[in-house]
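S.K.: Please see the structure below; I have some questions.
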Amino acid sequence: MNQTVSQILKKQSYLFFLICVFLLSCKRKDKIDVSGINLNVKIERFDHDFDGFRNSNYPTKANQLYRHYGDFYVDFIERILGAGSVKDTAYFANLRKVFAARSYTDLKHEVDSVYPNLDKQEAEMTDAFKHIKYYYPQKNLPHVYAYFSGFQAQNSIGNHYIGIGLDLFLGANSKFYPALIETFPHYISRRFTPDNMVPRVIESLAREEMFEEQTEDDKSLLSRMVYNGKIMYFMDQVLPEIADSTKIGYTDAQLKWCNENQANIWGYFLEDNLIYETDYQKIQKYLTEAPFTPGLGDHNNSAPKLAVWTGWQIVKQYMDKNPKVTLQQLMTDRDEQKILNQSKYHPK
């Protein structure tokens with residue numbers, strides 16, 4: 001039977017509509033609904049409260065801050081700021097020097113300019129914490145405190161708290177970072193942006209508190225790959241709206257390079273017999289921060305942390321092929337060889 005052009009176009013439009021509905025329904029199926037979880041994150045501005053020392057009686061103010069912030073106050077004074085022991089009020093003299101310095105005033109002004117409030121970050125943190133609660137309903141989530149410490153600590157985790165160093169999230173073009181180039185090279189400081197705050201908090205929480213890596217010295221590259229891959233996969237689940245490049249700390253070009261060279265990366269690990277290598281000196285360059293990975297790519301355009309990225313792909317493929325495995329089961333599974341085998345990871 002002959003069909004008119006109009007009829008053919010109608011059928012094609014209907015088919016296209018069905019495909020769109022199917023794809024959208026699949027997307028909705030994968031999206032976790034956390035709207036019913038009663039949780040609201042408030043990032044407390046310790047930096048503002050701490051500044052209150054300048055116009056207060058020091059012993060009185062110290063007691064107020066300790067009563068409110070508890071262990072965080074102690075850790076901030078003793079470990080982050082390095083001002084001395086809170087058991088000895090001699091540290092007040094060091095605090096007076098801090099507040100009298102022009103560097104403190106300049107940094108405070110910059111922090112307050114970039115972060116007059118933390119409304120956006122609180123909303124993002126609330127969503128991330130709700131996702132954690134969805135998967136781990138019994139998890140006691142920490143209080144969240146914001147501070148600045150003269151570029152000493154981007155994040156800090158302690159007893160029932162996680163702290164955020166606002167001075168290490170001022171933006172890639174902050175006037176302060178060029179002077180810190182030896183401590184924070186540009187390939188690191190380019191990620192000191194507001195958009196990186198919540199992902200770095202969640203990564204710290206995952207690595208240092210929820211799923212701390214075992215510390216055996218004889219761990220193979222495969223073991224380290226899969227551990228890091230699981231951390232990245234966990235971030236996928238609790239930060240569903242965050243770009244992959246931000247989660248792993250790549251530029252868009254680095255992420256593109258990894259995707260285009262996935263087979264070459266895996267082949268490199270296999271050909272150099274690195275998968276089961278346990279000598280950390282030989283494998284650390286595939287796990288740690290760097291501007292690129294030596295030995296791969298042309299003109300130093302390769303991405304760093306290739307073992308982290310590869311482990312991420314292995315874990316994602318494993319979970320895709322094993323839909324009955326829950327996030328909780330994945331995170332406690334230490335059989336890296338099984339995960340690799342069942343992922344059937346053979347990029348081409």
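Residues are referred to by chain and number: the chain letter is A, B, ... according to the order shown in the structure tokens, the number counts from 1 in that chain, and ligands are numbered separately from 1 in the order shown.
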For Phe292 (chain A), list every protein, DNA or RNA residue within 12 Å, evaluated using only C-alpha atoms, and leave out those in the same chain fewer than 6 positions away; present the list as a VMD selection string.

M.R.: chain A and resid 187 to 188 250 to 251 253 to 255 257 to 258 285 to 286 298 to 306

S.K.: Print the selection's residues with N, CA and C atoms to a file, as a PDB file, in the first residue's frame.

M.R.:
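Generated file (again-v1.pdb):
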ATOM      1  N   TYR A 187      47.699  23.754  38.679  1.00  0.00           N
ATOM      2  CA  TYR A 187      46.831  22.623  38.360  1.00  0.00           C
ATOM      3  C   TYR A 187      46.014  22.174  39.574  1.00  0.00           C
ATOM      4  N   ILE A 188      46.414  22.622  40.760  1.00  0.00           N
ATOM      5  CA  ILE A 188      45.616  22.375  41.964  1.00  0.00           C
ATOM      6  C   ILE A 188      44.735  23.579  42.282  1.00  0.00           C
ATOM      7  N   TYR A 250      39.211  17.103  36.949  1.00  0.00           N
ATOM      8  CA  TYR A 250      39.808  17.252  35.625  1.00  0.00           C
ATOM      9  C   TYR A 250      39.313  18.530  34.958  1.00  0.00           C
ATOM     10  N   THR A 251      40.085  18.985  33.975  1.00  0.00           N
ATOM     11  CA  THR A 251      39.550  19.962  33.036  1.00  0.00           C
ATOM     12  C   THR A 251      38.672  19.199  32.047  1.00  0.00           C
ATOM     13  N   ALA A 253      39.071  19.183  28.935  1.00  0.00           N
ATOM     14  CA  ALA A 253      39.995  18.594  27.958  1.00  0.00           C
ATOM     15  C   ALA A 253      40.602  17.298  28.485  1.00  0.00           C
ATOM     16  N   GLN A 254      40.932  17.254  29.761  1.00  0.00           N
ATOM     17  CA  GLN A 254      41.491  16.031  30.346  1.00  0.00           C
ATOM     18  C   GLN A 254      40.473  14.900  30.350  1.00  0.00           C
ATOM     19  N   LEU A 255      39.225  15.225  30.679  1.00  0.00           N
ATOM     20  CA  LEU A 255      38.180  14.201  30.674  1.00  0.00           C
ATOM     21  C   LEU A 255      37.967  13.682  29.252  1.00  0.00           C
ATOM     22  N   TRP A 257      40.193  13.628  26.892  1.00  0.00           N
ATOM     23  CA  TRP A 257      41.366  12.822  26.552  1.00  0.00           C
ATOM     24  C   TRP A 257      41.224  11.401  27.109  1.00  0.00           C
ATOM     25  N   CYS A 258      40.753  11.279  28.340  1.00  0.00           N
ATOM     26  CA  CYS A 258      40.558   9.952  28.944  1.00  0.00           C
ATOM     27  C   CYS A 258      39.536   9.138  28.158  1.00  0.00           C
ATOM     28  N   LYS A 285      52.419   7.590  40.610  1.00  0.00           N
ATOM     29  CA  LYS A 285      52.145   8.648  39.627  1.00  0.00           C
ATOM     30  C   LYS A 285      50.810   8.449  38.915  1.00  0.00           C
ATOM     31  N   TYR A 286      50.223   7.265  39.055  1.00  0.00           N
ATOM     32  CA  TYR A 286      48.915   7.012  38.455  1.00  0.00           C
ATOM     33  C   TYR A 286      47.772   7.258  39.436  1.00  0.00           C
ATOM     34  N   ASP A 298      50.659  13.059  23.936  1.00  0.00           N
ATOM     35  CA  ASP A 298      51.602  13.936  23.254  1.00  0.00           C
ATOM     36  C   ASP A 298      51.547  15.324  23.860  1.00  0.00           C
ATOM     37  N   HIS A 299      52.705  15.982  23.918  1.00  0.00           N
ATOM     38  CA  HIS A 299      52.789  17.372  24.363  1.00  0.00           C
ATOM     39  C   HIS A 299      52.222  17.561  25.769  1.00  0.00           C
ATOM     40  N   ASN A 300      52.406  16.569  26.637  1.00  0.00           N
ATOM     41  CA  ASN A 300      51.960  16.647  28.037  1.00  0.00           C
ATOM     42  C   ASN A 300      50.463  16.951  28.161  1.00  0.00           C
ATOM     43  N   ASN A 301      49.672  16.381  27.248  1.00  0.00           N
ATOM     44  CA  ASN A 301      48.234  16.652  27.275  1.00  0.00           C
ATOM     45  C   ASN A 301      47.435  15.550  27.942  1.00  0.00           C
ATOM     46  N   SER A 302      48.114  14.556  28.505  1.00  0.00           N
ATOM     47  CA  SER A 302      47.392  13.466  29.165  1.00  0.00           C
ATOM     48  C   SER A 302      46.812  13.937  30.489  1.00  0.00           C
ATOM     49  N   ALA A 303      45.830  13.203  30.965  1.00  0.00           N
ATOM     50  CA  ALA A 303      45.227  13.513  32.269  1.00  0.00           C
ATOM     51  C   ALA A 303      46.033  12.868  33.392  1.00  0.00           C
ATOM     52  N   PRO A 304      45.954  13.399  34.603  1.00  0.00           N
ATOM     53  CA  PRO A 304      46.598  12.764  35.753  1.00  0.00           C
ATOM     54  C   PRO A 304      45.668  11.725  36.384  1.00  0.00           C
ATOM     55  N   LYS A 305      46.140  11.081  37.423  1.00  0.00           N
ATOM     56  CA  LYS A 305      45.327  10.147  38.222  1.00  0.00           C
ATOM     57  C   LYS A 305      44.614   9.110  37.353  1.00  0.00           C
ATOM     58  N   LEU A 306      45.339   8.533  36.404  1.00  0.00           N
ATOM     59  CA  LEU A 306      44.701   7.624  35.459  1.00  0.00           C
ATOM     60  C   LEU A 306      44.208   6.339  36.115  1.00  0.00           C
TER      61      LEU A 306
END

S.K.: As a PDB file with N, CA and C atoms, in the first residue's frame, please: the residues near Asn155 (chain A) (cut-off 7 Å, only C-alpha atoms, same-chain neighbours under 6 positions excluded).

M.R.:
ATOM      1  N   GLY A 163      34.833  20.478  58.589  1.00  0.00           N
ATOM      2  CA  GLY A 163      35.104  21.901  58.436  1.00  0.00           C
ATOM      3  C   GLY A 163      35.497  22.240  57.010  1.00  0.00           C
ATOM      4  N   ILE A 164      35.148  23.456  56.597  1.00  0.00           N
ATOM      5  CA  ILE A 164      35.421  23.929  55.238  1.00  0.00           C
ATOM      6  C   ILE A 164      36.289  25.173  55.319  1.00  0.00           C
ATOM      7  N   GLY A 165      37.474  25.110  54.720  1.00  0.00           N
ATOM      8  CA  GLY A 165      38.372  26.263  54.680  1.00  0.00           C
ATOM      9  C   GLY A 165      38.006  27.167  53.512  1.00  0.00           C
ATOM     10  N   VAL A 201      33.924  18.321  49.964  1.00  0.00           N
ATOM     11  CA  VAL A 201      33.425  17.919  51.281  1.00  0.00           C
ATOM     12  C   VAL A 201      32.950  16.468  51.236  1.00  0.00           C
TER      13      VAL A 201
END

S.K.: Mind pulling up the distance from CA of Leu118 (chain A) to CA of Val41 (chain A)?

M.R.: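 Going from CA of Val41 (chain A) over to CA of Leu118 (chain A) covers 10.7 Å.
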
S.K.: Contacts of Tyr345 (chain A) at 12 Å or less, counting only C-alpha atoms, minus same-chain residues fewer than 5 places along, as an MDAnalysis selection string?

M.R.: chainID A and resid 262:263 266:267 310:321 337:340

S.K.: Measuring between only C-alpha atoms, which one of A:Glu216, A:Asp272, A:Glu78, A:Asp49 shows the shortest distance to Leu65 (chain A)?

M.R.: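 Residue with the minimum atom-to-atom distance to Leu65 (chain A): A:Asp49.
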
S.K.: One number please: CA of Arg45 (chain A) to CA of Gly84 (chain A), in Å, one decimal.

M.R.: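 CA of Gly84 (chain A) lies at a distance of 22.1 Å from CA of Arg45 (chain A).
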
S.K.: Quote the spacing between CA of Lys31 (chain A) and CA of Leu327 (chain A) in Å to one decimal place.

M.R.: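 Computing the Euclidean distance for CA of Lys31 (chain A) and CA of Leu327 (chain A) yields 14.4 Å.
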
S.K.: Quick one: residues within 12 Å of Thr215 (chain A), only C-alpha atoms, excluding same-chain residues fewer than 5 positions away - as an mmCIF file with N, CA and C atoms, in the first residue's frame?

M.R.:
data_model
loop_
_atom_site.group_PDB
_atom_site.id
_atom_site.type_symbol
_atom_site.label_atom_id
_atom_site.label_comp_id
_atom_site.auth_asym_id
_atom_site.auth_seq_id
_atom_site.Cartn_x
_atom_site.Cartn_y
_atom_site.Cartn_z
ATOM 1 N N SER A 220 48.035 -3.781 45.708
ATOM 2 C CA SER A 220 48.320 -3.706 44.281
ATOM 3 C C SER A 220 47.667 -2.478 43.665
ATOM 4 N N SER A 223 43.977 -3.018 43.411
ATOM 5 C CA SER A 223 43.265 -2.773 44.666
ATOM 6 C C SER A 223 43.032 -1.276 44.865
ATOM 7 N N ARG A 224 44.054 -0.484 44.595
ATOM 8 C CA ARG A 224 43.926 0.969 44.750
ATOM 9 C C ARG A 224 43.000 1.553 43.690
ATOM 10 N N TYR A 227 39.373 0.699 44.801
ATOM 11 C CA TYR A 227 38.983 1.523 45.957
ATOM 12 C C TYR A 227 38.609 2.934 45.489
#

S.K.: Out of region 19-148 of chain A, which residues get helix (DSSP H, G or I) from DSSP, as a PyMOL selection string?

M.R.: chain A and resi 19-30+46-55+58-69+71-80+91-100+102-114+119-135

S.K.: From the options A:His186, A:Leu221, A:Glu336, A:Leu205, which residue's atoms come nearest to Pro291 (chain A), counting only C-alpha atoms?

M.R.: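 Of all the options, A:His186 lies closest to Pro291 (chain A).
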
S.K.: Mind listing the strand (DSSP E or B) residues of region 96-170 of chain A, per DSSP on the backbone, as an NGL selection string?

M.R.: :A and (143-147 or 155-158 or 161-165)

S.K.: Which residues are near Tyr69 (chain A)? Cut-off 12 Å, only C-alpha atoms, ignore same chain within fewer than 5 positions. Put them as JSON, numbers by chain.

M.R.: {"A": [44, 45, 46, 47, 49, 50, 61, 62, 63, 64, 74, 75, 76, 77, 143, 144, 145, 146, 158, 159, 160, 161, 162, 163]}

S.K.: So that I can see what lies close to region 89-92 of chain A, please list as a list in words the residues with an atom at most 12 Å from it, counting only C-alpha atoms and leaving out residues fewer than 2 positions away in the same chain.

M.R.: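 Residues near the query, excluding close chain neighbours: Phe53, Arg54, Ser56, Asn57, Tyr58, Pro59, Thr60, Lys61, Ala62, Asn63, Val74, Ile77, Glu78, Leu81, Gly82, Ala83, Gly84, Ser85, Val86, Lys87, Asn94, Leu95, Arg96, Lys97, Val98 and Phe99 of chain A.
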
S.K.: So that I can check the surroundings of Lys108 (chain A), please list as a list in words every protein, DNA and RNA residue that reaches within 12 Å of it, counting only C-alpha atoms and ignoring chain neighbours fewer than 5 positions away.

M.R.: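 Neighbouring residues, sequence-local ones excluded: Asp47, His48, Phe50, Asp51, Val98, Phe99, Ala101, Arg102, Ser103, Ser113, Val114, Tyr115, Pro116, Tyr147, Phe148, Ser149, Gly150, Leu166, Asp167 and Leu170 of chain A.
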
S.K.: Which residues of region 71-167 of chain A have any atom within 12 Å of an atom in region 178-184 of chain A when counting only C-alpha atoms, and what is the closest pair of atoms for each, with the distance in Å to one decimal? Order the rows by chain and rising number and write it as a Markdown table.

M.R.:
| residue | atom | partner | partner_atom | distance |
| --- | --- | --- | --- | --- |
| A:Gly150 | CA | A:Leu180 | CA | 10.8 |
| A:Phe151 | CA | A:Leu180 | CA | 8.8 |
| A:Gln152 | CA | A:Thr183 | CA | 10.2 |
| A:Ala153 | CA | A:Phe184 | CA | 11.8 |
| A:Gln154 | CA | A:Phe184 | CA | 11.5 |

S.K.: Save the residues we just selected, N, CA, C and O atoms, as a PDB file, in the first residue's frame?

M.R.:
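Written out: out-v1.pdb:
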ATOM      1  N   GLY A 150      44.356  30.893  56.824  1.00  0.00           N
ATOM      2  CA  GLY A 150      45.610  31.237  56.180  1.00  0.00           C
ATOM      3  C   GLY A 150      46.094  30.132  55.267  1.00  0.00           C
ATOM      4  O   GLY A 150      47.294  29.840  55.218  1.00  0.00           O
ATOM      5  N   PHE A 151      45.161  29.479  54.562  1.00  0.00           N
ATOM      6  CA  PHE A 151      45.473  28.480  53.541  1.00  0.00           C
ATOM      7  C   PHE A 151      46.118  27.215  54.121  1.00  0.00           C
ATOM      8  O   PHE A 151      46.932  26.575  53.469  1.00  0.00           O
ATOM      9  N   GLN A 152      45.720  26.860  55.327  1.00  0.00           N
ATOM     10  CA  GLN A 152      46.286  25.684  55.976  1.00  0.00           C
ATOM     11  C   GLN A 152      45.501  24.402  55.698  1.00  0.00           C
ATOM     12  O   GLN A 152      46.089  23.325  55.641  1.00  0.00           O
ATOM     13  N   ALA A 153      44.189  24.488  55.563  1.00  0.00           N
ATOM     14  CA  ALA A 153      43.389  23.265  55.419  1.00  0.00           C
ATOM     15  C   ALA A 153      42.120  23.553  54.638  1.00  0.00           C
ATOM     16  O   ALA A 153      41.314  24.388  55.046  1.00  0.00           O
ATOM     17  N   GLN A 154      41.936  22.843  53.524  1.00  0.00           N
ATOM     18  CA  GLN A 154      40.727  23.018  52.719  1.00  0.00           C
ATOM     19  C   GLN A 154      39.529  22.355  53.383  1.00  0.00           C
ATOM     20  O   GLN A 154      38.429  22.905  53.390  1.00  0.00           O
TER      21      GLN A 154
END
